[in-house]
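Pasted below: start25.csv, CSV, C-alpha atoms.
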```
chain,number,residue,atom,x,y,z
S,6,MET,CA,18.4,66.9,79.1
S,7,SER,CA,20.3,64.5,76.9
S,8,GLN,CA,21.4,65.8,73.6
S,9,LYS,CA,22.5,64.1,70.4
S,10,TYR,CA,24.7,65.4,67.7
S,11,GLU,CA,25.2,63.7,64.3
S,12,PHE,CA,27.3,64.8,61.4
S,13,SER,CA,29.0,63.3,58.3
S,14,PHE,CA,32.1,64.0,56.3
S,15,PRO,CA,32.6,62.6,52.7
S,16,VAL,CA,36.1,61.4,51.9
S,17,LYS,CA,37.4,61.0,48.3
S,18,GLY,CA,39.6,58.0,47.5
S,19,ASP,CA,43.1,58.4,46.1
S,20,ASN,CA,43.3,62.0,47.3
S,21,PHE,CA,46.5,61.6,49.4
S,22,ASP,CA,47.3,65.3,49.5
S,23,ASP,CA,44.2,65.9,51.6
S,24,ALA,CA,44.7,62.8,53.9
S,25,GLY,CA,43.8,63.8,57.4
S,26,LYS,CA,41.9,67.0,56.6
S,27,ALA,CA,38.5,65.5,57.5
S,28,SER,CA,39.9,64.0,60.7
S,29,ILE,CA,41.3,67.4,61.8
S,30,GLN,CA,38.0,69.1,61.1
S,31,ILE,CA,36.1,66.4,63.0
S,32,LYS,CA,38.5,66.6,66.0
S,33,LYS,CA,37.9,70.3,66.1
S,34,ARG,CA,34.2,69.9,66.0
S,35,LEU,CA,34.2,67.2,68.8
S,36,LYS,CA,36.4,69.5,70.9
S,37,GLY,CA,33.7,72.1,70.5
S,38,LEU,CA,31.1,69.6,71.8
S,39,GLY,CA,33.1,69.4,75.0
S,40,ILE,CA,35.0,66.1,74.3
S,41,THR,CA,38.6,66.3,75.6
S,42,GLY,CA,41.6,64.3,76.7
S,43,ASP,CA,42.0,60.6,76.1
S,44,VAL,CA,38.5,60.2,74.6
S,45,LEU,CA,39.1,63.0,72.0
S,46,ARG,CA,42.5,61.6,71.2
S,47,ARG,CA,41.4,58.0,70.7
S,48,THR,CA,38.5,59.1,68.6
S,49,ALA,CA,40.7,61.3,66.4
S,50,ILE,CA,43.2,58.5,65.9
S,51,ALA,CA,40.5,56.0,65.0
S,52,ILE,CA,39.0,58.4,62.5
S,53,TYR,CA,42.4,59.3,61.0
S,54,GLU,CA,43.3,55.7,60.4
S,55,SER,CA,39.9,55.1,58.8
S,56,GLU,CA,40.2,58.2,56.6
S,57,VAL,CA,43.6,57.0,55.3
S,58,ASN,CA,42.1,53.6,54.6
S,59,ILE,CA,39.4,55.1,52.4
S,60,ILE,CA,42.0,57.2,50.5
S,61,SER,CA,44.3,54.2,50.1
S,62,TYR,CA,41.8,51.6,49.0
S,63,ALA,CA,38.4,53.0,48.0
S,64,ARG,CA,37.0,55.4,45.4
S,65,GLN,CA,35.0,57.2,48.0
S,66,GLY,CA,33.7,56.9,51.5
S,67,ASN,CA,31.8,58.6,54.3
S,68,ILE,CA,32.5,59.2,57.9
S,69,ASN,CA,29.4,59.5,60.1
S,70,ILE,CA,29.7,60.5,63.7
S,71,ARG,CA,27.1,60.4,66.4
S,72,VAL,CA,27.7,61.9,69.8
S,73,THR,CA,25.5,61.2,72.8
S,74,ASP,CA,26.1,61.9,76.5
S,75,ASP,CA,27.4,58.4,76.9
S,76,ASN,CA,29.5,57.6,73.8
S,77,ILE,CA,30.7,58.5,70.3
S,78,SER,CA,29.7,56.1,67.6
S,79,ILE,CA,31.5,56.3,64.3
S,80,ASN,CA,30.4,54.6,61.1
S,81,ILE,CA,32.9,54.5,58.2
S,82,ARG,CA,31.5,53.3,55.0
S,83,ASP,CA,33.4,52.9,51.7
S,84,SER,CA,32.7,51.6,48.3
S,85,GLY,CA,36.1,49.9,48.0
S,86,PRO,CA,37.1,46.4,47.1
S,87,GLY,CA,36.1,45.0,50.5
S,88,ILE,CA,38.3,42.9,52.8
S,89,ALA,CA,38.5,39.3,51.8
S,90,ASP,CA,40.0,38.0,55.1
S,91,ILE,CA,39.1,40.2,58.0
S,92,LYS,CA,41.1,38.2,60.5
S,93,GLN,CA,44.2,38.5,58.4
S,94,ALA,CA,43.6,42.2,57.8
S,95,MET,CA,43.4,42.8,61.6
S,96,GLN,CA,46.9,41.3,62.1
S,97,GLN,CA,49.7,43.7,63.0
S,98,GLY,CA,52.0,44.1,60.0
S,99,TYR,CA,49.7,42.7,57.4
S,100,SER,CA,49.2,45.2,54.6
S,101,THR,CA,48.2,45.3,50.9
S,102,ALA,CA,49.5,48.9,50.6
S,103,ASN,CA,51.3,50.0,47.4
S,104,ASP,CA,54.6,51.9,47.2
S,105,ARG,CA,52.8,55.3,46.9
S,106,ILE,CA,51.0,54.7,50.3
S,107,ARG,CA,54.3,53.5,51.9
S,108,LYS,CA,56.2,56.6,50.7
S,109,MET,CA,53.8,58.8,52.7
S,110,GLY,CA,54.8,56.9,55.8
S,111,PHE,CA,51.7,54.6,55.9
S,112,GLY,CA,50.9,51.0,54.9
S,113,ALA,CA,52.7,49.4,57.9
S,114,GLY,CA,49.8,47.1,58.6
S,115,MET,CA,48.9,48.9,61.8
S,116,GLY,CA,45.7,50.7,60.8
S,117,LEU,CA,42.8,48.3,61.7
S,118,PHE,CA,44.7,47.0,64.7
S,119,ASN,CA,45.2,50.6,65.9
S,120,ILE,CA,41.5,51.4,65.4
S,121,LYS,CA,40.6,48.4,67.5
S,122,ASN,CA,43.0,49.5,70.2
S,123,CYS,CA,41.4,53.0,70.3
S,124,SER,CA,37.8,51.6,70.4
S,125,ASP,CA,35.7,50.3,73.2
S,126,ASP,CA,33.8,48.3,70.6
S,127,PHE,CA,34.8,47.7,67.0
S,128,GLU,CA,33.2,45.7,64.2
S,129,ILE,CA,34.1,45.3,60.5
S,130,LEU,CA,31.4,44.3,58.0
S,131,SER,CA,32.7,43.8,54.5
S,132,LYS,CA,31.6,42.3,51.2
S,133,ALA,CA,33.9,41.7,48.3
S,134,ASN,CA,33.6,44.3,45.5
S,135,LYS,CA,30.9,46.1,47.5
S,136,GLY,CA,32.7,47.9,50.2
S,137,THR,CA,33.5,48.0,53.9
S,138,LEU,CA,31.7,49.3,57.0
S,139,LEU,CA,33.7,50.0,60.2
S,140,LYS,CA,31.6,50.5,63.3
S,141,ILE,CA,33.6,52.1,66.1
S,142,LEU,CA,32.3,52.9,69.5
S,143,ILE,CA,34.1,55.0,72.1
S,144,ASN,CA,32.7,55.5,75.6
S,145,ARG,CA,32.9,59.0,77.0
O,200,MET,CA,63.4,70.3,78.5
O,201,THR,CA,61.8,73.2,76.8
O,202,LEU,CA,61.7,73.5,73.1
O,203,HIS,CA,64.1,76.4,73.5
O,204,GLU,CA,66.6,74.1,75.2
O,205,ILE,CA,66.1,71.4,72.5
O,206,ARG,CA,66.7,74.0,69.8
O,207,GLU,CA,70.0,75.0,71.5
O,208,LEU,CA,71.2,71.5,72.1
O,209,LEU,CA,70.6,70.4,68.5
O,210,ASP,CA,71.5,73.7,66.9
O,211,ALA,CA,68.1,73.5,65.2
O,212,ARG,CA,66.3,76.0,63.1
O,213,VAL,CA,62.8,77.0,64.1
O,214,LEU,CA,60.6,76.8,61.0
O,215,ALA,CA,57.2,77.3,62.6
O,216,GLY,CA,55.7,78.2,66.0
O,217,LYS,CA,58.4,80.6,67.1
O,218,ASN,CA,56.1,81.9,69.9
O,219,HIS,CA,55.4,78.4,71.3
O,220,LEU,CA,58.9,77.4,72.4
O,221,ASP,CA,58.3,77.6,76.1
O,222,VAL,CA,56.5,74.3,76.1
O,223,GLU,CA,58.1,71.6,78.4
O,224,VAL,CA,58.8,68.3,76.7
O,225,LYS,CA,59.3,65.0,78.6
O,226,THR,CA,58.9,62.3,76.0
O,227,ALA,CA,59.8,61.7,72.3
O,228,PHE,CA,58.9,59.3,69.5
O,229,SER,CA,61.3,58.8,66.6
O,230,ALA,CA,59.9,57.3,63.4
O,231,ASP,CA,59.7,57.6,59.7
O,232,LEU,CA,56.6,55.5,59.8
O,233,MET,CA,53.6,57.6,60.6
O,234,SER,CA,51.5,54.4,61.3
O,235,ASP,CA,53.8,53.9,64.3
O,236,VAL,CA,53.4,57.4,65.5
O,237,LEU,CA,49.6,57.0,65.4
O,238,ALA,CA,49.9,53.8,67.3
O,239,PHE,CA,52.5,54.6,70.0
O,240,ALA,CA,53.1,58.4,70.4
O,241,LYS,CA,51.9,59.9,73.7
O,242,PRO,CA,50.2,63.3,74.0
O,243,GLY,CA,52.8,66.1,74.6
O,244,SER,CA,55.6,64.1,73.1
O,245,ILE,CA,57.9,65.6,70.4
O,246,MET,CA,57.8,63.7,67.1
O,247,ILE,CA,61.3,63.2,65.6
O,248,THR,CA,61.2,62.3,61.9
O,249,GLY,CA,62.8,62.6,58.5
O,250,LEU,CA,59.5,63.0,56.7
O,251,THR,CA,58.5,66.5,55.6
O,252,ASN,CA,55.1,66.2,53.9
O,253,PRO,CA,52.0,68.0,55.4
O,254,GLN,CA,50.8,64.6,56.7
O,255,VAL,CA,53.4,64.8,59.4
O,256,VAL,CA,51.7,68.0,60.7
O,257,ARG,CA,48.2,66.5,60.5
O,258,ILE,CA,49.4,63.4,62.4
O,259,ALA,CA,51.0,65.6,65.1
O,260,SER,CA,47.7,67.4,65.5
O,261,ILE,CA,45.8,64.2,65.8
O,262,VAL,CA,48.0,62.6,68.4
O,263,ASP,CA,48.7,65.9,70.3
O,264,ASN,CA,52.4,66.0,69.7
O,265,SER,CA,54.0,69.1,71.3
O,266,ALA,CA,56.3,69.7,68.3
O,267,ILE,CA,57.9,68.2,65.2
O,268,LEU,CA,61.6,67.9,65.1
O,269,ILE,CA,62.9,67.2,61.5
O,270,VAL,CA,66.3,65.5,61.2
O,271,ARG,CA,69.1,65.2,58.6
O,272,GLY,CA,68.8,69.0,57.9
O,273,LYS,CA,65.7,68.6,55.8
O,274,ILE,CA,63.6,71.6,55.2
O,275,PRO,CA,59.9,70.9,54.6
O,276,PRO,CA,57.9,72.4,51.7
O,277,ASP,CA,56.1,75.7,52.3
O,278,GLU,CA,52.7,73.9,52.6
O,279,THR,CA,53.9,71.9,55.5
O,280,ILE,CA,55.2,75.0,57.3
O,281,ALA,CA,52.0,76.9,56.5
O,282,LEU,CA,49.9,74.1,58.0
O,283,ALA,CA,52.0,73.9,61.1
O,284,GLU,CA,51.6,77.7,61.7
O,285,LYS,CA,47.8,77.3,61.2
O,286,LEU,CA,47.6,74.4,63.6
O,287,GLU,CA,50.1,76.0,66.0
O,288,ILE,CA,52.5,73.1,66.0
O,289,PRO,CA,56.2,74.2,66.3
O,290,VAL,CA,58.5,72.7,63.7
O,291,LEU,CA,62.3,72.5,64.2
O,292,SER,CA,64.9,71.3,61.8
O,293,THR,CA,68.3,69.9,62.9
O,294,LYS,CA,71.2,68.7,60.9
O,295,TYR,CA,71.9,65.8,63.2
O,296,ILE,CA,70.7,62.3,62.0
O,297,LEU,CA,67.8,60.5,63.7
O,298,PHE,CA,70.1,58.4,65.8
O,299,GLU,CA,72.2,61.3,67.0
O,300,THR,CA,69.2,63.5,67.6
O,301,SER,CA,67.4,60.8,69.7
O,302,GLY,CA,70.6,60.0,71.6
O,303,ARG,CA,71.4,63.6,72.5
O,304,LEU,CA,67.8,64.1,73.8
O,305,TYR,CA,67.9,60.9,75.8
O,306,ALA,CA,71.2,61.9,77.4
O,307,ASN,CA,69.5,65.1,78.5
O,308,GLY,CA,66.5,63.4,80.2
O,309,ILE,CA,64.0,63.0,77.4
O,310,VAL,CA,62.5,59.4,77.4
O,311,GLY,CA,60.5,57.4,74.9
O,312,CYS,CA,56.7,57.1,74.9
O,313,ILE,CA,56.9,53.4,75.5
O,314,ARG,CA,59.7,51.0,76.2
O,315,LYS,CA,59.2,48.1,73.8
O,316,ILE,CA,56.6,46.0,71.9
O,317,GLU,CA,56.5,42.5,73.5
O,318,GLY,CA,54.1,41.0,71.0
O,319,PRO,CA,50.9,41.8,69.1
O,320,GLY,CA,49.0,44.3,71.2
O,321,SER,CA,51.4,44.1,74.1
O,322,VAL,CA,53.1,47.3,74.8
O,323,VAL,CA,55.7,47.6,77.6
O,324,PRO,CA,55.4,51.0,79.2
O,325,LEU,CA,58.3,53.0,80.6
```
Kindly return the structure encoded in the file as C-alpha coordinates.
Amino acid sequence: MSQKYEFSFPVKGDNFDDAGKASIQIKKRLKGLGITGDVLRRTAIAIYESEVNIISYARQGNINIRVTDDNISINIRDSGPGIADIKQAMQQGYSTANDRIRKMGFGAGMGLFNIKNCSDDFEILSKANKGTLLKILINR
Amino acid sequence: MTLHEIRELLDARVLAGKNHLDVEVKTAFSADLMSDVLAFAKPGSIMITGLTNPQVVRIASIVDNSAILIVRGKIPPDETIALAEKLEIPVLSTKYILFETSGRLYANGIVGCIRKIEGPGSVVPL
(Lines of atoms letter the chains of each structure in order from A and count residues from 1; the text may use other names and numbers.)
(Lines give C-alpha, C1' and ligand atoms only; values in the text may rest on other atoms or scores of the structure.)
Protein backbone atom coordinates (compact mmCIF):
# COMPACT_ATOMS: atom_id res chain seq x y z
CA MET A 1 0.00 0.00 0.00
CA SER A 2 1.31 3.42 -0.84
CA GLN A 3 2.02 5.68 2.11
CA LYS A 4 2.43 9.41 2.31
CA TYR A 5 4.28 11.43 4.90
CA GLU A 6 4.09 15.16 5.31
CA PHE A 7 5.78 17.41 7.82
CA SER A 8 6.82 21.05 8.21
CA PHE A 9 9.60 22.97 9.88
CA PRO A 10 9.43 26.71 10.62
CA VAL A 11 12.61 28.73 10.05
CA LYS A 12 13.30 32.10 11.67
CA GLY A 13 15.01 34.75 9.61
CA ASP A 14 18.33 36.34 10.65
CA ASN A 15 19.07 33.48 13.04
CA PHE A 16 22.51 32.57 11.68
CA ASP A 17 23.61 30.60 14.73
CA ASP A 18 20.95 28.01 14.02
CA ALA A 19 21.46 27.83 10.24
CA GLY A 20 21.28 24.21 9.18
CA LYS A 21 19.55 22.93 12.30
CA ALA A 22 16.24 22.33 10.55
CA SER A 23 17.98 20.68 7.59
CA ILE A 24 19.83 18.22 9.82
CA GLN A 25 16.64 17.28 11.64
CA ILE A 26 14.82 16.85 8.33
CA LYS A 27 17.64 14.71 6.94
CA LYS A 28 17.48 12.47 9.99
CA ARG A 29 13.74 12.14 9.63
CA LEU A 30 13.96 11.29 5.92
CA LYS A 31 16.60 8.67 6.70
CA GLY A 32 14.15 7.18 9.16
CA LEU A 33 11.63 6.91 6.33
CA GLY A 34 14.07 4.75 4.40
CA ILE A 35 15.49 7.41 2.08
CA THR A 36 19.22 6.86 1.52
CA GLY A 37 22.22 7.54 -0.70
CA ASP A 38 22.18 10.10 -3.47
CA VAL A 39 18.47 10.93 -3.11
CA LEU A 40 18.88 11.68 0.61
CA ARG A 41 21.99 13.74 -0.03
CA ARG A 42 20.47 15.83 -2.85
CA THR A 43 17.35 16.44 -0.78
CA ALA A 44 19.41 17.51 2.24
CA ILE A 45 21.55 19.90 0.19
CA ALA A 46 18.52 21.51 -1.49
CA ILE A 47 16.84 21.99 1.89
CA TYR A 48 20.00 23.35 3.49
CA GLU A 49 20.49 25.94 0.74
CA SER A 50 16.83 26.96 1.10
CA GLU A 51 17.12 27.23 4.87
CA VAL A 52 20.15 29.52 4.57
CA ASN A 53 18.24 31.62 2.03
CA ILE A 54 15.37 32.15 4.47
CA ILE A 55 17.79 33.07 7.27
CA SER A 56 19.73 35.43 5.01
CA TYR A 57 16.89 37.28 3.36
CA ALA A 58 13.53 36.74 5.06
CA ARG A 59 11.94 37.38 8.43
CA GLN A 60 10.52 33.91 8.56
CA GLY A 61 9.76 30.95 6.43
CA ASN A 62 8.52 27.41 6.36
CA ILE A 63 9.85 24.18 4.92
CA ASN A 64 7.18 21.67 3.98
CA ILE A 65 8.10 18.15 2.94
CA ARG A 66 5.91 15.53 1.36
CA VAL A 67 7.23 12.03 0.82
CA THR A 68 5.49 9.47 -1.36
CA ASP A 69 6.68 6.15 -2.76
CA ASP A 70 7.73 7.94 -5.94
CA ASN A 71 9.20 11.27 -4.88
CA ILE A 72 9.97 13.92 -2.30
CA SER A 73 8.34 17.26 -2.84
CA ILE A 74 9.59 20.24 -0.88
CA ASN A 75 7.86 23.61 -0.69
CA ILE A 76 9.81 26.46 0.84
CA ARG A 77 7.80 29.54 1.54
CA ASP A 78 9.14 32.78 2.97
CA SER A 79 7.84 36.25 3.69
CA GLY A 80 10.98 37.96 2.46
CA PRO A 81 11.42 40.77 -0.05
CA GLY A 82 10.91 38.49 -3.03
CA ILE A 83 13.21 38.06 -6.02
CA ALA A 84 12.97 40.87 -8.56
CA ASP A 85 14.77 39.10 -11.40
CA ILE A 86 14.61 35.32 -11.05
CA LYS A 87 16.75 34.68 -14.13
CA GLN A 88 19.53 36.84 -12.71
CA ALA A 89 19.22 35.22 -9.26
CA MET A 90 19.67 31.78 -10.84
CA GLN A 91 23.01 32.75 -12.35
CA GLN A 92 26.09 31.27 -10.70
CA GLY A 93 27.95 33.96 -8.79
CA TYR A 94 25.10 36.46 -8.59
CA SER A 95 24.42 37.36 -4.98
CA THR A 96 22.87 40.14 -2.90
CA ALA A 97 24.40 38.78 0.31
CA ASN A 98 25.80 41.20 2.90
CA ASP A 99 29.15 40.94 4.73
CA ARG A 100 27.65 39.06 7.64
CA ILE A 101 26.41 36.30 5.36
CA ARG A 102 29.75 36.14 3.54
CA LYS A 103 31.71 35.87 6.78
CA MET A 104 29.91 32.62 7.53
CA GLY A 105 31.18 31.19 4.24
CA PHE A 106 27.97 31.81 2.29
CA GLY A 107 26.72 34.33 -0.24
CA ALA A 108 28.77 33.03 -3.15
CA GLY A 109 25.80 33.16 -5.47
CA MET A 110 25.61 29.37 -5.75
CA GLY A 111 22.48 28.65 -3.73
CA LEU A 112 19.58 28.65 -6.19
CA PHE A 113 21.81 27.18 -8.87
CA ASN A 114 22.79 24.36 -6.52
CA ILE A 115 19.17 23.72 -5.54
CA LYS A 116 18.29 23.37 -9.21
CA ASN A 117 21.21 20.98 -9.71
CA CYS A 118 19.97 18.77 -6.89
CA SER A 119 16.36 18.75 -8.10
CA ASP A 120 14.57 16.74 -10.76
CA ASP A 121 12.10 19.59 -11.04
CA PHE A 122 12.48 23.11 -9.66
CA GLU A 123 10.28 26.18 -9.80
CA ILE A 124 10.50 29.63 -8.23
CA LEU A 125 7.43 31.76 -7.67
CA SER A 126 8.09 35.19 -6.25
CA LYS A 127 6.34 38.50 -5.72
CA ALA A 128 8.11 41.70 -4.71
CA ASN A 129 7.57 42.51 -1.01
CA LYS A 130 5.36 39.43 -0.59
CA GLY A 131 7.81 36.58 -0.53
CA THR A 132 9.12 33.60 -2.40
CA LEU A 133 7.99 30.03 -2.92
CA LEU A 134 10.47 27.40 -4.03
CA LYS A 135 8.99 24.15 -5.33
CA ILE A 136 11.51 21.34 -5.39
CA LEU A 137 10.83 17.81 -6.61
CA ILE A 138 13.24 14.93 -6.19
CA ASN A 139 12.44 11.49 -7.59
CA ARG A 140 13.16 8.47 -5.39
CA MET B 1 44.48 6.89 3.53
CA THR B 2 42.85 6.41 6.90
CA LEU B 3 42.21 9.37 9.17
CA HIS B 4 44.90 7.89 11.42
CA GLU B 5 47.43 8.18 8.59
CA ILE B 6 46.26 11.69 7.72
CA ARG B 7 46.67 12.70 11.35
CA GLU B 8 50.23 11.41 11.37
CA LEU B 9 51.18 12.93 8.01
CA LEU B 10 49.99 16.40 9.01
CA ASP B 11 50.93 16.20 12.68
CA ALA B 12 47.32 17.02 13.40
CA ARG B 13 45.42 17.19 16.67
CA VAL B 14 42.22 15.18 16.94
CA LEU B 15 39.54 17.43 18.41
CA ALA B 16 36.46 15.25 17.90
CA GLY B 17 35.60 11.70 16.87
CA LYS B 18 38.66 9.98 18.36
CA ASN B 19 36.99 6.59 17.88
CA HIS B 20 36.18 7.10 14.22
CA LEU B 21 39.68 7.39 12.75
CA ASP B 22 39.74 4.04 10.95
CA VAL B 23 37.67 5.54 8.14
CA GLU B 24 39.32 5.31 4.72
CA VAL B 25 39.45 8.60 2.77
CA LYS B 26 40.01 8.79 -1.00
CA THR B 27 38.87 12.33 -1.87
CA ALA B 28 39.13 15.82 -0.42
CA PHE B 29 37.58 19.25 -0.97
CA SER B 30 39.45 22.37 0.18
CA ALA B 31 37.42 25.56 0.64
CA ASP B 32 36.70 28.48 2.89
CA LEU B 33 33.48 28.99 0.97
CA MET B 34 30.80 26.68 2.31
CA SER B 35 28.61 27.33 -0.74
CA ASP B 36 31.23 25.56 -2.83
CA VAL B 37 31.42 22.62 -0.43
CA LEU B 38 27.65 22.21 -0.77
CA ALA B 39 27.90 22.37 -4.55
CA PHE B 40 30.93 20.19 -5.23
CA ALA B 41 32.01 17.99 -2.29
CA LYS B 42 31.47 14.26 -2.74
CA PRO B 43 30.17 11.90 -0.05
CA GLY B 44 33.00 10.40 1.97
CA SER B 45 35.41 13.21 1.13
CA ILE B 46 37.36 15.05 3.81
CA MET B 47 36.58 18.78 4.07
CA ILE B 48 39.69 20.94 4.42
CA THR B 49 38.92 24.46 5.64
CA GLY B 50 40.05 27.42 7.71
CA LEU B 51 36.53 28.09 9.00
CA THR B 52 35.70 26.97 12.53
CA ASN B 53 32.08 27.92 13.18
CA PRO B 54 29.43 25.23 13.86
CA GLN B 55 28.09 25.70 10.32
CA VAL B 56 31.09 23.76 9.07
CA VAL B 57 29.93 20.70 11.00
CA ARG B 58 26.35 21.03 9.80
CA ILE B 59 27.53 21.29 6.19
CA ALA B 60 29.75 18.22 6.64
CA SER B 61 26.74 16.34 7.95
CA ILE B 62 24.57 17.44 5.03
CA VAL B 63 27.06 16.49 2.29
CA ASP B 64 28.29 13.32 4.11
CA ASN B 65 31.91 14.41 4.57
CA SER B 66 33.95 11.71 6.34
CA ALA B 67 35.79 14.29 8.45
CA ILE B 68 36.72 17.96 8.83
CA LEU B 69 40.37 18.98 8.67
CA ILE B 70 40.98 22.50 9.99
CA VAL B 71 44.12 24.26 8.74
CA ARG B 72 46.44 27.07 9.93
CA GLY B 73 46.43 25.68 13.47
CA LYS B 74 43.00 27.06 14.25
CA ILE B 75 41.09 25.56 17.15
CA PRO B 76 37.30 25.75 16.79
CA PRO B 77 35.04 27.02 19.58
CA ASP B 78 33.62 24.47 22.05
CA GLU B 79 30.18 24.51 20.41
CA THR B 80 31.69 23.36 17.11
CA ILE B 81 33.47 20.46 18.82
CA ALA B 82 30.36 19.51 20.80
CA LEU B 83 28.24 19.46 17.64
CA ALA B 84 30.85 17.35 15.82
CA GLU B 85 30.84 14.80 18.67
CA LYS B 86 27.05 14.72 18.60
CA LEU B 87 26.91 14.19 14.83
CA GLU B 88 29.89 11.80 14.97
CA ILE B 89 32.05 13.73 12.53
CA PRO B 90 35.80 13.61 13.28
CA VAL B 91 37.53 17.01 13.48
CA LEU B 92 41.30 17.33 13.07
CA SER B 93 43.41 20.47 13.28
CA THR B 94 46.77 20.90 11.54
CA LYS B 95 49.23 23.78 11.69
CA TYR B 96 49.94 23.54 7.97
CA ILE B 97 48.29 26.12 5.71
CA LEU B 98 45.57 25.15 3.22
CA PHE B 99 47.97 24.88 0.27
CA GLU B 100 50.53 22.75 2.14
CA THR B 101 47.82 20.53 3.62
CA SER B 102 46.18 19.91 0.24
CA GLY B 103 49.54 19.32 -1.47
CA ARG B 104 50.75 16.81 1.11
CA LEU B 105 47.52 14.84 0.88
CA TYR B 106 47.60 14.91 -2.93
CA ALA B 107 51.18 13.65 -2.91
CA ASN B 108 49.95 10.73 -0.82
CA GLY B 109 47.19 9.68 -3.19
CA ILE B 110 44.19 11.73 -2.06
CA VAL B 111 42.44 13.33 -5.05
CA GLY B 112 39.91 16.12 -5.47
CA CYS B 113 36.14 15.61 -5.69
CA ILE B 114 36.02 17.04 -9.21
CA ARG B 115 38.74 18.26 -11.58
CA LYS B 116 37.52 21.67 -12.72
CA ILE B 117 34.55 23.88 -13.53
CA GLU B 118 34.37 24.41 -17.27
CA GLY B 119 31.46 26.86 -17.21
CA PRO B 120 28.08 27.41 -15.58
CA GLY B 121 26.75 24.01 -14.59
CA SER B 122 29.58 22.19 -16.33
CA VAL B 123 31.70 20.19 -13.94
CA VAL B 124 34.66 18.19 -15.20
CA PRO B 125 34.90 14.99 -13.15
CA LEU B 126 38.16 13.29 -12.23
Using all atoms listed in the file, I'd like a table of the residues in stretch 260-324 of chain O that come within 10 Å of stretch 91-101 of chain S; for each, show the closest atom pair and its distance in Å rounded to one decimal, ordered by chain and ascending number, as JSON lines.
```
{"residue": "O:Gly318", "atom": "CA", "partner": "S:Gln97", "partner_atom": "CA", "distance": 9.5}
{"residue": "O:Pro319", "atom": "CA", "partner": "S:Gln97", "partner_atom": "CA", "distance": 6.5}
{"residue": "O:Gly320", "atom": "CA", "partner": "S:Gln97", "partner_atom": "CA", "distance": 8.3}
```
(Q) Between O:Leu232, O:Leu325, O:Ile288, O:Ala211, which residue has the minimum interatomic distance to chain S, considering all atoms listed in the file? (A)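 Counting all atoms listed in the file, the residue closest to chain S is O:Leu232.
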Q. Stretch 12-17 of chain S: which residues within 10 Å, counting only C-alpha atoms, same-chain residues fewer than 2 positions away excluded, as a PyMOL selection string?
A. chain S and resi 10+19-21+23-28+30-31+34+56-57+59-61+63-72+79-83
Q. From the list S:Asp75, S:Asp104, S:Glu128, S:Asp22, which residue is nearest chain O when using only C-alpha atoms?
A.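 When distances to chain O are compared using only C-alpha atoms, the smallest one comes from S:Asp22.
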Q. Rounded to one decimal in Å, what is the spacing between atom CA of S:Ala133 and atom CA of S:Ser84?
A. 10.0 Å
Q: Tell me which protein, DNA and RNA residues are within 10 Å of O:Leu208, counting all atoms listed in the file, leaving out same-chain ones fewer than 6 positions away, and put them as number ranges by chain.
A: O: 202, 293, 300, 303-304, 307
Take the residues just selected and output them with C-alpha atoms as a PDB file, in the coordinates of the input.
```
ATOM      1  CA  LEU O 202      61.700  73.500  73.100  1.00  0.00           C
ATOM      2  CA  THR O 293      68.300  69.900  62.900  1.00  0.00           C
ATOM      3  CA  THR O 300      69.200  63.500  67.600  1.00  0.00           C
ATOM      4  CA  ARG O 303      71.400  63.600  72.500  1.00  0.00           C
ATOM      5  CA  LEU O 304      67.800  64.100  73.800  1.00  0.00           C
ATOM      6  CA  ASN O 307      69.500  65.100  78.500  1.00  0.00           C
TER       7      ASN O 307
END
```
Q) Would you list which chain S residues are within 6 Å of chain O using only C-alpha atoms, as a list in words? A)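 Here they are: Ala49, Gly110, Phe111 and Asn119 of chain S.
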Q.
At a cut-off of 12 Å, using only C-alpha atoms, what residues contact O:Tyr305? Leave out same-chain residues fewer than 3 positions from it and give the result as a PyMOL selection string.
A. chain O and resi 200+205+208+224-229+298-302+308-312
Using only C-alpha atoms, please write the residues we just selected to a file, as an mmCIF file, in the frame of the given file.
```
data_model
loop_
_atom_site.group_PDB
_atom_site.id
_atom_site.type_symbol
_atom_site.label_atom_id
_atom_site.label_comp_id
_atom_site.auth_asym_id
_atom_site.auth_seq_id
_atom_site.Cartn_x
_atom_site.Cartn_y
_atom_site.Cartn_z
ATOM 1 C CA MET O 200 63.400 70.300 78.500
ATOM 2 C CA ILE O 205 66.100 71.400 72.500
ATOM 3 C CA LEU O 208 71.200 71.500 72.100
ATOM 4 C CA VAL O 224 58.800 68.300 76.700
ATOM 5 C CA LYS O 225 59.300 65.000 78.600
ATOM 6 C CA THR O 226 58.900 62.300 76.000
ATOM 7 C CA ALA O 227 59.800 61.700 72.300
ATOM 8 C CA PHE O 228 58.900 59.300 69.500
ATOM 9 C CA SER O 229 61.300 58.800 66.600
ATOM 10 C CA PHE O 298 70.100 58.400 65.800
ATOM 11 C CA GLU O 299 72.200 61.300 67.000
ATOM 12 C CA THR O 300 69.200 63.500 67.600
ATOM 13 C CA SER O 301 67.400 60.800 69.700
ATOM 14 C CA GLY O 302 70.600 60.000 71.600
ATOM 15 C CA GLY O 308 66.500 63.400 80.200
ATOM 16 C CA ILE O 309 64.000 63.000 77.400
ATOM 17 C CA VAL O 310 62.500 59.400 77.400
ATOM 18 C CA GLY O 311 60.500 57.400 74.900
ATOM 19 C CA CYS O 312 56.700 57.100 74.900
#
```
Q.
Applying 8 Å and only C-alpha atoms, which residues near O:Val222 remain after dropping the ones on its own chain fewer than 3 positions away? List them as a PyMOL selection string.
A. chain O and resi 201-202+219+265
Using C-alpha atoms, can you export the residues from the last selection as a PDB file, keeping the file's coordinate frame?
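This is the output file selection_20.pdb:
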```pdb
ATOM      1  CA  THR O 201      61.800  73.200  76.800  1.00  0.00           C
ATOM      2  CA  LEU O 202      61.700  73.500  73.100  1.00  0.00           C
ATOM      3  CA  HIS O 219      55.400  78.400  71.300  1.00  0.00           C
ATOM      4  CA  SER O 265      54.000  69.100  71.300  1.00  0.00           C
TER       5      SER O 265
END
```
Q. In Å, how far is it from atom CA of S:Lys140 to atom CA of S:Cys123?
A.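 Taking atom CA of S:Lys140 and atom CA of S:Cys123, their separation equals 12.3 Å.
For the pair atom CA of S:Ala102 and atom CA of S:Ile143, the interatomic distance is 27.1 Å.
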(Q) Let me make sure I understand: among O:Val322, O:Ala281, O:Ala215, O:Leu297, which one has the smallest atom-to-atom distance to O:Ile267 if we use only C-alpha atoms? (A)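 Checking each of O:Val322, O:Ala281, O:Ala215, O:Leu297 against O:Ile267, counting only C-alpha atoms, the winner is O:Ala215.
Residues with any atom within 7 Å of S:Asn76, counting only C-alpha atoms and excluding same-chain neighbours fewer than 2 positions away, are Val72, Thr73, Asp74, Ser78, Leu142, Ile143, Asn144 and Arg145 of chain S.
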